[in-house]
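Okay, so here's the structure we're looking at.
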Amino acid sequence: MTATLVKETGPPPVGLAERARRSRRRGRVVALLFVLPALLLLGALVVYPVLFSIGRSLFDASGTRFVGGENYTEMFRDPATVKAIRNTAIWVVVAPALLTGLGLILAVLVEKVRWATAFKLLLFMPMAVSFLAAGIIFRLAYDEDPDKGVLNAAVVSVHDAFEGTSSYPTARARDGQGLTKEADGSYGTSANVAPGHTVTLGLVGVLPDDLPGDARPAYAAAGRKAAPDELSGVVYLDFTPGGGGEQGKVDRRESGLPGMKVEAVREGRTVATTSTAPDGSFRFEGLADGSYGLRLPASNFAPPYDGISWLGPALVTPAIIGAYLWIWTGFAMVLIGAGLSTLPRDALEAARMDGANEWQIFRRITVPLLAPVLTVVFITLVINVMKVFDLVYIIAPGPVQEDATVLATQMWLVSFGGGNNQGLGSALGVLLLLLVVPAMVFNVRRFRRSQR
């Protein structure tokens, strides 16, 4: 029995071991054949361009003279490249943090709404829009003309609701007709008048669209007698439709200018204020004896408020980041929501039973348990924003393109957008690669740890 056992547990026959080795080798060959097309494609589209760019970055613009690290030193001497690095840093710090925070807040809130799926779908829909289309949409939305840009249309509406707007932005006084323009843009009478008189103040340059619909002819008001203790007058459009009339005199077909603010001034101080009626007439009652000047304040002629210059040098980068948030918030929300659905509900319920409120649960339980998911989302977005190109190139107008440029756009501009220096452009590409690789390695390691 002992001899039999030893014989059965001895080494396998030589033929069986050889067949096993051959089977393993065959499996490796078959696996390599399946992977080979992907490896060839990866080498052609990734490895070769990377190696070529590294080599090209060591030559000058023509590609014929070896310059070593000169392109890399030039990169940090060029003000445009330094600005691109600064803007990229702003993107890396601001955009992923805002997106991760917004995604977390929305993922938590969505769980508490009835139509959660529809809400997620609505927020995720911008991901289906190409960056080109999104850039065009936001380029129009940020247009400074309130008649085109929806954001400025809203801003102008709110501003005009609280601050009001000038009545006649293009109006002006005729030279030599009794009104002189002052330094602050207002118009004042060149001679003082006393109560008991009626004054006519003629203006020109009023656009037909600026004339209110309730405007009435000023002729009757100009002929009205003033009481001894009042100072009256009329502000009118000194222009007769169809021609004719006399300058400086109110004709029958000339319109009054309603809503015009008029001030009575004495010794440089405003003592009374009023606004004109539909026929342009105004009156100051109860004035003390003496002489007064009349002034039409500059607010009557101020240009209309046009809103905010969203795509100006100061706001162009935040404006583009806003467009980026619109596209990627749904992505962050869905990923964080998936992690939120795996949280142990018994821990949350136990915290509620112990008297913790929703804010304490969110801060002390939800966020710590979601930390791995939040880290993956944040790092993924960091990698993504380092490569952002489309939105910056499309949304930023030509005059402020340099103020909004990031490394990806600067690399294209230097290489193909007029600079024609592919040596420096390749160096920028290598710099961008070196910045992205650490984040990618961190993400891969984190992913492998989570799998284990």
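Residues are referred to by chain and number: the chain letter is A, B, ... according to the order shown in the structure tokens, the number counts from 1 in that chain, and ligands are numbered separately from 1 in the order shown.
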_Surrounding residues of Pro49 (chain A) excluding itself and chain neighbours under 6 positions, 12 Å, only C-alpha atoms, as a VMD selection string_ = chain A and resid 41 to 43 55 to 57 426 429 to 430 433
Could you please take those selected residues and save N, CA and C atoms as a PDB file, in the first residue's frame?
```
ATOM      1  N   LEU A  41      -2.443  49.912 -32.888  1.00  0.00           N
ATOM      2  CA  LEU A  41      -3.195  51.173 -32.932  1.00  0.00           C
ATOM      3  C   LEU A  41      -2.718  52.127 -31.841  1.00  0.00           C
ATOM      4  N   LEU A  42      -2.498  51.594 -30.640  1.00  0.00           N
ATOM      5  CA  LEU A  42      -2.021  52.426 -29.541  1.00  0.00           C
ATOM      6  C   LEU A  42      -0.640  52.986 -29.848  1.00  0.00           C
ATOM      7  N   GLY A  43       0.218  52.154 -30.437  1.00  0.00           N
ATOM      8  CA  GLY A  43       1.543  52.636 -30.786  1.00  0.00           C
ATOM      9  C   GLY A  43       1.520  53.704 -31.857  1.00  0.00           C
ATOM     10  N   GLY A  55      11.079  64.397 -29.513  1.00  0.00           N
ATOM     11  CA  GLY A  55      12.218  64.661 -30.389  1.00  0.00           C
ATOM     12  C   GLY A  55      12.092  65.990 -31.101  1.00  0.00           C
ATOM     13  N   ARG A  56      10.898  66.344 -31.567  1.00  0.00           N
ATOM     14  CA  ARG A  56      10.693  67.604 -32.306  1.00  0.00           C
ATOM     15  C   ARG A  56      10.906  68.807 -31.400  1.00  0.00           C
ATOM     16  N   SER A  57      10.642  68.661 -30.104  1.00  0.00           N
ATOM     17  CA  SER A  57      10.806  69.785 -29.185  1.00  0.00           C
ATOM     18  C   SER A  57      12.267  70.164 -28.992  1.00  0.00           C
ATOM     19  N   SER A 426       5.765  71.751 -29.752  1.00  0.00           N
ATOM     20  CA  SER A 426       6.014  70.406 -29.237  1.00  0.00           C
ATOM     21  C   SER A 426       6.458  70.447 -27.786  1.00  0.00           C
ATOM     22  N   GLY A 429       3.471  70.805 -25.781  1.00  0.00           N
ATOM     23  CA  GLY A 429       2.776  69.523 -25.708  1.00  0.00           C
ATOM     24  C   GLY A 429       3.418  68.589 -24.698  1.00  0.00           C
ATOM     25  N   VAL A 430       4.755  68.561 -24.656  1.00  0.00           N
ATOM     26  CA  VAL A 430       5.452  67.732 -23.669  1.00  0.00           C
ATOM     27  C   VAL A 430       5.164  68.218 -22.254  1.00  0.00           C
ATOM     28  N   LEU A 433       1.797  67.029 -21.299  1.00  0.00           N
ATOM     29  CA  LEU A 433       1.846  65.601 -20.992  1.00  0.00           C
ATOM     30  C   LEU A 433       2.403  65.363 -19.596  1.00  0.00           C
TER      31      LEU A 433
END
```
*asked:* So that I can check the surroundings of Ala97 (chain A), please list as a PyMOL selection string every protein, DNA and RNA residue that reaches within 12 Å of it, counting only C-alpha atoms and ignoring chain neighbours fewer than 6 positions away.
replied: chain A and resi 90-91+103-104+321+325+329+332+374-375+377-382+385
*asked:* Taking the DSSP secondary structure from the backbone, can you list the residues of region 230-439 of chain A that are helix (DSSP H, G or I), as a ChimeraX atom specification?
replied: /A:298-300,316-341,345-353,358-369,371-386,390-395,398-404,407-415,422-439
*Quick one: pull the distance between CA of Leu201 (chain A) and CA of Val234 (chain A), Å, one decimal.*
6.1 Å
*Which distance in Å separates CA of Leu32 (chain A) and CA of Arg448 (chain A), to one decimal?*
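Interatomic distance, CA of Leu32 (chain A) to CA of Arg448 (chain A): 23.0 Å.
Across the model, the gap from CA of Arg364 (chain A) to CA of Ala350 (chain A) is 12.9 Å.
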Could you make a table, as CSV, of the residues of region 328-391 of chain A that have an atom within 10 Å of an atom of region 131-148 of chain A, each with its nearest atom pair and distance in Å to one decimal, counting only C-alpha atoms, in chain and number order?
```
residue,atom,partner,partner_atom,distance
A:Val388,CA,A:Phe131,CA,9.7
A:Phe389,CA,A:Phe131,CA,9.1
A:Asp390,CA,A:Phe131,CA,6.0
A:Leu391,CA,A:Gly135,CA,5.1
```
*Contacts of Gln401 (chain A) at 9 Å (only C-alpha atoms; same-chain gap of 6+ positions) as a PyMOL selection string*: chain A and resi 313+316+392-393+395
*Of the candidates A:Glu402, A:Gly233, A:Ser255, A:Gly27, which shows the shortest atom-to-atom distance to Gly312 (chain A), using only C-alpha atoms?*
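Closest to Gly312 (chain A), using only C-alpha atoms: A:Glu402.
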*Just list the residues in region 162-390 of chain A DSSP gives strand (DSSP E) on the backbone, as a VMD selection string.*
chain A and resid 172 to 173 179 to 181 187 to 189 198 to 204 230 to 237 261 to 266 269 to 275 281 to 285 293 to 296
Write out the residues from the selection above, keeping C-alpha atoms, as a CSV table (one decimal), in the first residue's frame.
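The new file result_10.csv reads:
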```csv
chain,number,residue,atom,x,y,z
A,172,ARG,CA,-28.7,117.6,-27.4
A,173,ALA,CA,-29.3,121.3,-27.4
A,179,LEU,CA,-28.9,126.1,-23.5
A,180,THR,CA,-25.2,125.4,-22.8
A,181,LYS,CA,-23.6,122.0,-22.1
A,187,TYR,CA,-27.6,121.4,-20.0
A,188,GLY,CA,-28.3,124.7,-18.3
A,189,THR,CA,-29.8,128.0,-19.3
A,198,THR,CA,-42.3,130.9,-19.1
A,199,VAL,CA,-39.2,129.4,-20.6
A,200,THR,CA,-38.9,127.3,-23.7
A,201,LEU,CA,-36.0,124.7,-23.8
A,202,GLY,CA,-35.6,123.2,-27.3
A,203,LEU,CA,-33.7,120.0,-28.0
A,204,VAL,CA,-32.8,118.1,-31.1
A,230,GLU,CA,-44.2,130.3,-10.3
A,231,LEU,CA,-41.6,129.6,-12.9
A,232,SER,CA,-42.9,127.5,-15.8
A,233,GLY,CA,-41.7,126.3,-19.1
A,234,VAL,CA,-41.7,123.6,-21.8
A,235,VAL,CA,-39.1,121.2,-23.0
A,236,TYR,CA,-39.8,120.3,-26.6
A,237,LEU,CA,-38.3,118.7,-29.7
A,261,LYS,CA,-36.1,115.9,-15.4
A,262,VAL,CA,-35.8,119.7,-14.8
A,263,GLU,CA,-34.0,121.4,-11.9
A,264,ALA,CA,-34.3,125.0,-10.6
A,265,VAL,CA,-30.8,126.2,-9.6
A,266,ARG,CA,-29.9,129.3,-7.4
A,269,ARG,CA,-27.5,124.9,-5.5
A,270,THR,CA,-30.6,122.9,-6.7
A,271,VAL,CA,-33.6,124.3,-4.9
A,272,ALA,CA,-36.4,122.4,-6.7
A,273,THR,CA,-36.9,119.5,-9.1
A,274,THR,CA,-39.7,118.4,-11.3
A,275,SER,CA,-40.5,116.3,-14.4
A,281,SER,CA,-44.5,121.5,-19.8
A,282,PHE,CA,-43.2,121.9,-16.2
A,283,ARG,CA,-43.6,124.4,-13.4
A,284,PHE,CA,-42.0,125.3,-10.1
A,285,GLU,CA,-44.4,126.8,-7.6
A,293,GLY,CA,-31.3,129.1,-13.7
A,294,LEU,CA,-32.8,126.0,-15.2
A,295,ARG,CA,-30.9,122.8,-15.7
A,296,LEU,CA,-31.6,119.5,-17.5
```
*asked:* Quick one: residues within 6 Å of Pro278 (chain A), only C-alpha atoms, excluding same-chain residues fewer than 3 positions away - as a list in words?
replied: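 Near neighbours after the sequence-gap exclusion: Asp214, Ala215, Arg216 and Pro258 of chain A.
Distances from A:Ala95, A:Val158, A:Val67, A:Ala80 to Asp306 (chain A) were compared using only C-alpha atoms, and the smallest one belongs to A:Val158.
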Spatial neighbours of Ile336 (chain A), 12 Å, only C-alpha atoms, chain gap at least 5 places, as an mmCIF file with N, CA, C and O atoms, in the first residue's frame:
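Done, and the output landed in part.cif:
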```cif
data_model
loop_
_atom_site.group_PDB
_atom_site.id
_atom_site.type_symbol
_atom_site.label_atom_id
_atom_site.label_comp_id
_atom_site.auth_asym_id
_atom_site.auth_seq_id
_atom_site.Cartn_x
_atom_site.Cartn_y
_atom_site.Cartn_z
ATOM 1 N N LEU A 99 -17.124 71.722 -9.693
ATOM 2 C CA LEU A 99 -17.902 70.612 -10.249
ATOM 3 C C LEU A 99 -18.119 69.509 -9.223
ATOM 4 O O LEU A 99 -19.219 68.969 -9.103
ATOM 5 N N THR A 100 -17.065 69.164 -8.483
ATOM 6 C CA THR A 100 -17.209 68.124 -7.465
ATOM 7 C C THR A 100 -18.183 68.564 -6.378
ATOM 8 O O THR A 100 -19.038 67.781 -5.934
ATOM 9 N N GLY A 101 -18.077 69.824 -5.948
ATOM 10 C CA GLY A 101 -19.014 70.321 -4.941
ATOM 11 C C GLY A 101 -20.443 70.358 -5.442
ATOM 12 O O GLY A 101 -21.372 69.924 -4.742
ATOM 13 N N LEU A 102 -20.639 70.885 -6.651
ATOM 14 C CA LEU A 102 -21.991 70.922 -7.214
ATOM 15 C C LEU A 102 -22.553 69.521 -7.426
ATOM 16 O O LEU A 102 -23.730 69.250 -7.133
ATOM 17 N N GLY A 103 -21.709 68.610 -7.928
ATOM 18 C CA GLY A 103 -22.158 67.239 -8.140
ATOM 19 C C GLY A 103 -22.574 66.574 -6.844
ATOM 20 O O GLY A 103 -23.582 65.858 -6.787
ATOM 21 N N LEU A 104 -21.801 66.817 -5.774
ATOM 22 C CA LEU A 104 -22.137 66.231 -4.474
ATOM 23 C C LEU A 104 -23.453 66.785 -3.947
ATOM 24 O O LEU A 104 -24.332 66.024 -3.508
ATOM 25 N N ILE A 105 -23.614 68.098 -3.997
ATOM 26 C CA ILE A 105 -24.847 68.715 -3.488
ATOM 27 C C ILE A 105 -26.062 68.237 -4.280
ATOM 28 O O ILE A 105 -27.097 67.865 -3.710
ATOM 29 N N LEU A 106 -25.942 68.234 -5.599
ATOM 30 C CA LEU A 106 -27.073 67.812 -6.428
ATOM 31 C C LEU A 106 -27.379 66.334 -6.248
ATOM 32 O O LEU A 106 -28.555 65.930 -6.233
ATOM 33 N N ALA A 107 -26.347 65.495 -6.110
ATOM 34 C CA ALA A 107 -26.581 64.062 -5.915
ATOM 35 C C ALA A 107 -27.332 63.802 -4.619
ATOM 36 O O ALA A 107 -28.222 62.935 -4.566
ATOM 37 N N VAL A 108 -26.989 64.549 -3.563
ATOM 38 C CA VAL A 108 -27.686 64.383 -2.283
ATOM 39 C C VAL A 108 -29.116 64.896 -2.379
ATOM 40 O O VAL A 108 -30.058 64.263 -1.883
ATOM 41 N N LEU A 109 -29.301 66.044 -3.043
ATOM 42 C CA LEU A 109 -30.648 66.622 -3.130
ATOM 43 C C LEU A 109 -31.559 65.812 -4.039
ATOM 44 O O LEU A 109 -32.768 65.715 -3.800
ATOM 45 N N VAL A 110 -30.993 65.243 -5.114
ATOM 46 C CA VAL A 110 -31.811 64.493 -6.062
ATOM 47 C C VAL A 110 -32.468 63.296 -5.389
ATOM 48 O O VAL A 110 -33.574 62.884 -5.761
ATOM 49 N N GLU A 111 -31.772 62.724 -4.404
ATOM 50 C CA GLU A 111 -32.348 61.572 -3.704
ATOM 51 C C GLU A 111 -33.638 61.919 -2.983
ATOM 52 O O GLU A 111 -34.420 61.026 -2.651
ATOM 53 N N LYS A 120 -32.110 63.950 -13.101
ATOM 54 C CA LYS A 120 -30.767 63.528 -13.510
ATOM 55 C C LYS A 120 -30.612 63.606 -15.027
ATOM 56 O O LYS A 120 -29.574 64.035 -15.535
ATOM 57 N N THR A 329 -21.489 69.295 -15.041
ATOM 58 C CA THR A 329 -22.118 69.106 -13.732
ATOM 59 C C THR A 329 -22.913 67.801 -13.677
ATOM 60 O O THR A 329 -22.883 67.079 -12.672
ATOM 61 N N GLY A 330 -23.631 67.483 -14.748
ATOM 62 C CA GLY A 330 -24.395 66.235 -14.777
ATOM 63 C C GLY A 330 -23.509 65.008 -14.656
ATOM 64 O O GLY A 330 -23.864 64.025 -13.982
ATOM 65 N N PHE A 331 -22.330 65.054 -15.286
ATOM 66 C CA PHE A 331 -21.386 63.937 -15.192
ATOM 67 C C PHE A 331 -20.963 63.717 -13.748
ATOM 68 O O PHE A 331 -20.986 62.579 -13.237
ATOM 69 N N SER A 341 -25.459 55.753 -3.757
ATOM 70 C CA SER A 341 -26.413 54.642 -3.668
ATOM 71 C C SER A 341 -25.825 53.406 -2.999
ATOM 72 O O SER A 341 -26.567 52.523 -2.571
ATOM 73 N N THR A 342 -24.490 53.320 -2.908
ATOM 74 C CA THR A 342 -23.849 52.158 -2.271
ATOM 75 C C THR A 342 -23.561 52.375 -0.796
ATOM 76 O O THR A 342 -23.026 51.474 -0.137
ATOM 77 N N LEU A 343 -23.846 53.550 -0.262
ATOM 78 C CA LEU A 343 -23.575 53.804 1.150
ATOM 79 C C LEU A 343 -24.454 52.920 2.030
ATOM 80 O O LEU A 343 -25.616 52.663 1.711
ATOM 81 N N THR A 366 -21.790 61.100 5.315
ATOM 82 C CA THR A 366 -21.885 60.983 3.857
ATOM 83 C C THR A 366 -20.573 61.361 3.173
ATOM 84 O O THR A 366 -20.052 60.604 2.353
ATOM 85 N N VAL A 367 -20.033 62.530 3.504
ATOM 86 C CA VAL A 367 -18.813 62.989 2.837
ATOM 87 C C VAL A 367 -17.622 62.075 3.124
ATOM 88 O O VAL A 367 -16.896 61.686 2.191
ATOM 89 N N LEU A 369 -17.595 58.864 3.828
ATOM 90 C CA LEU A 369 -17.775 57.589 3.140
ATOM 91 C C LEU A 369 -17.644 57.745 1.621
ATOM 92 O O LEU A 369 -17.272 56.797 0.924
ATOM 93 N N LEU A 370 -17.953 58.939 1.110
ATOM 94 C CA LEU A 370 -17.849 59.188 -0.332
ATOM 95 C C LEU A 370 -16.478 59.691 -0.751
ATOM 96 O O LEU A 370 -16.266 59.974 -1.930
ATOM 97 N N ALA A 371 -15.560 59.812 0.184
ATOM 98 C CA ALA A 371 -14.242 60.382 -0.122
ATOM 99 C C ALA A 371 -13.548 59.689 -1.293
ATOM 100 O O ALA A 371 -13.001 60.364 -2.175
ATOM 101 N N PRO A 372 -13.539 58.338 -1.385
ATOM 102 C CA PRO A 372 -12.896 57.705 -2.555
ATOM 103 C C PRO A 372 -13.544 58.101 -3.874
ATOM 104 O O PRO A 372 -12.852 58.369 -4.865
ATOM 105 N N VAL A 373 -14.871 58.158 -3.896
ATOM 106 C CA VAL A 373 -15.572 58.539 -5.129
ATOM 107 C C VAL A 373 -15.289 59.995 -5.473
ATOM 108 O O VAL A 373 -15.030 60.334 -6.635
ATOM 109 N N LEU A 374 -15.315 60.854 -4.470
ATOM 110 C CA LEU A 374 -15.063 62.271 -4.708
ATOM 111 C C LEU A 374 -13.644 62.484 -5.242
ATOM 112 O O LEU A 374 -13.420 63.329 -6.119
ATOM 113 N N THR A 375 -12.703 61.718 -4.728
ATOM 114 C CA THR A 375 -11.321 61.841 -5.200
ATOM 115 C C THR A 375 -11.193 61.438 -6.662
ATOM 116 O O THR A 375 -10.535 62.119 -7.452
ATOM 117 N N VAL A 376 -11.837 60.319 -7.024
ATOM 118 C CA VAL A 376 -11.780 59.867 -8.414
ATOM 119 C C VAL A 376 -12.414 60.894 -9.343
ATOM 120 O O VAL A 376 -11.870 61.221 -10.415
ATOM 121 N N VAL A 377 -13.563 61.443 -8.955
ATOM 122 C CA VAL A 377 -14.238 62.450 -9.777
ATOM 123 C C VAL A 377 -13.355 63.686 -9.913
ATOM 124 O O VAL A 377 -13.184 64.234 -11.011
ATOM 125 N N PHE A 378 -12.767 64.121 -8.806
ATOM 126 C CA PHE A 378 -11.937 65.323 -8.834
ATOM 127 C C PHE A 378 -10.724 65.128 -9.742
ATOM 128 O O PHE A 378 -10.415 65.991 -10.582
#
```
Enumerate, in order of chain and increasing residue number, the residues of region 73-159 of chain A with an atom no farther than 6 Å from region 403-414 of chain A, each with its shortest atom pair and distance in Å to one decimal, counting only C-alpha atoms, as JSON lines.
```
{"residue": "A:Ala84", "atom": "CA", "partner": "A:Val406", "partner_atom": "CA", "distance": 4.2}
{"residue": "A:Asn87", "atom": "CA", "partner": "A:Val406", "partner_atom": "CA", "distance": 5.7}
{"residue": "A:Thr88", "atom": "CA", "partner": "A:Val406", "partner_atom": "CA", "distance": 5.2}
```
_Which of A:Glu358, A:Asp209, A:Glu254, A:Glu267 sits closest to Asn192 (chain A) [using only C-alpha atoms]_ = A:Glu267
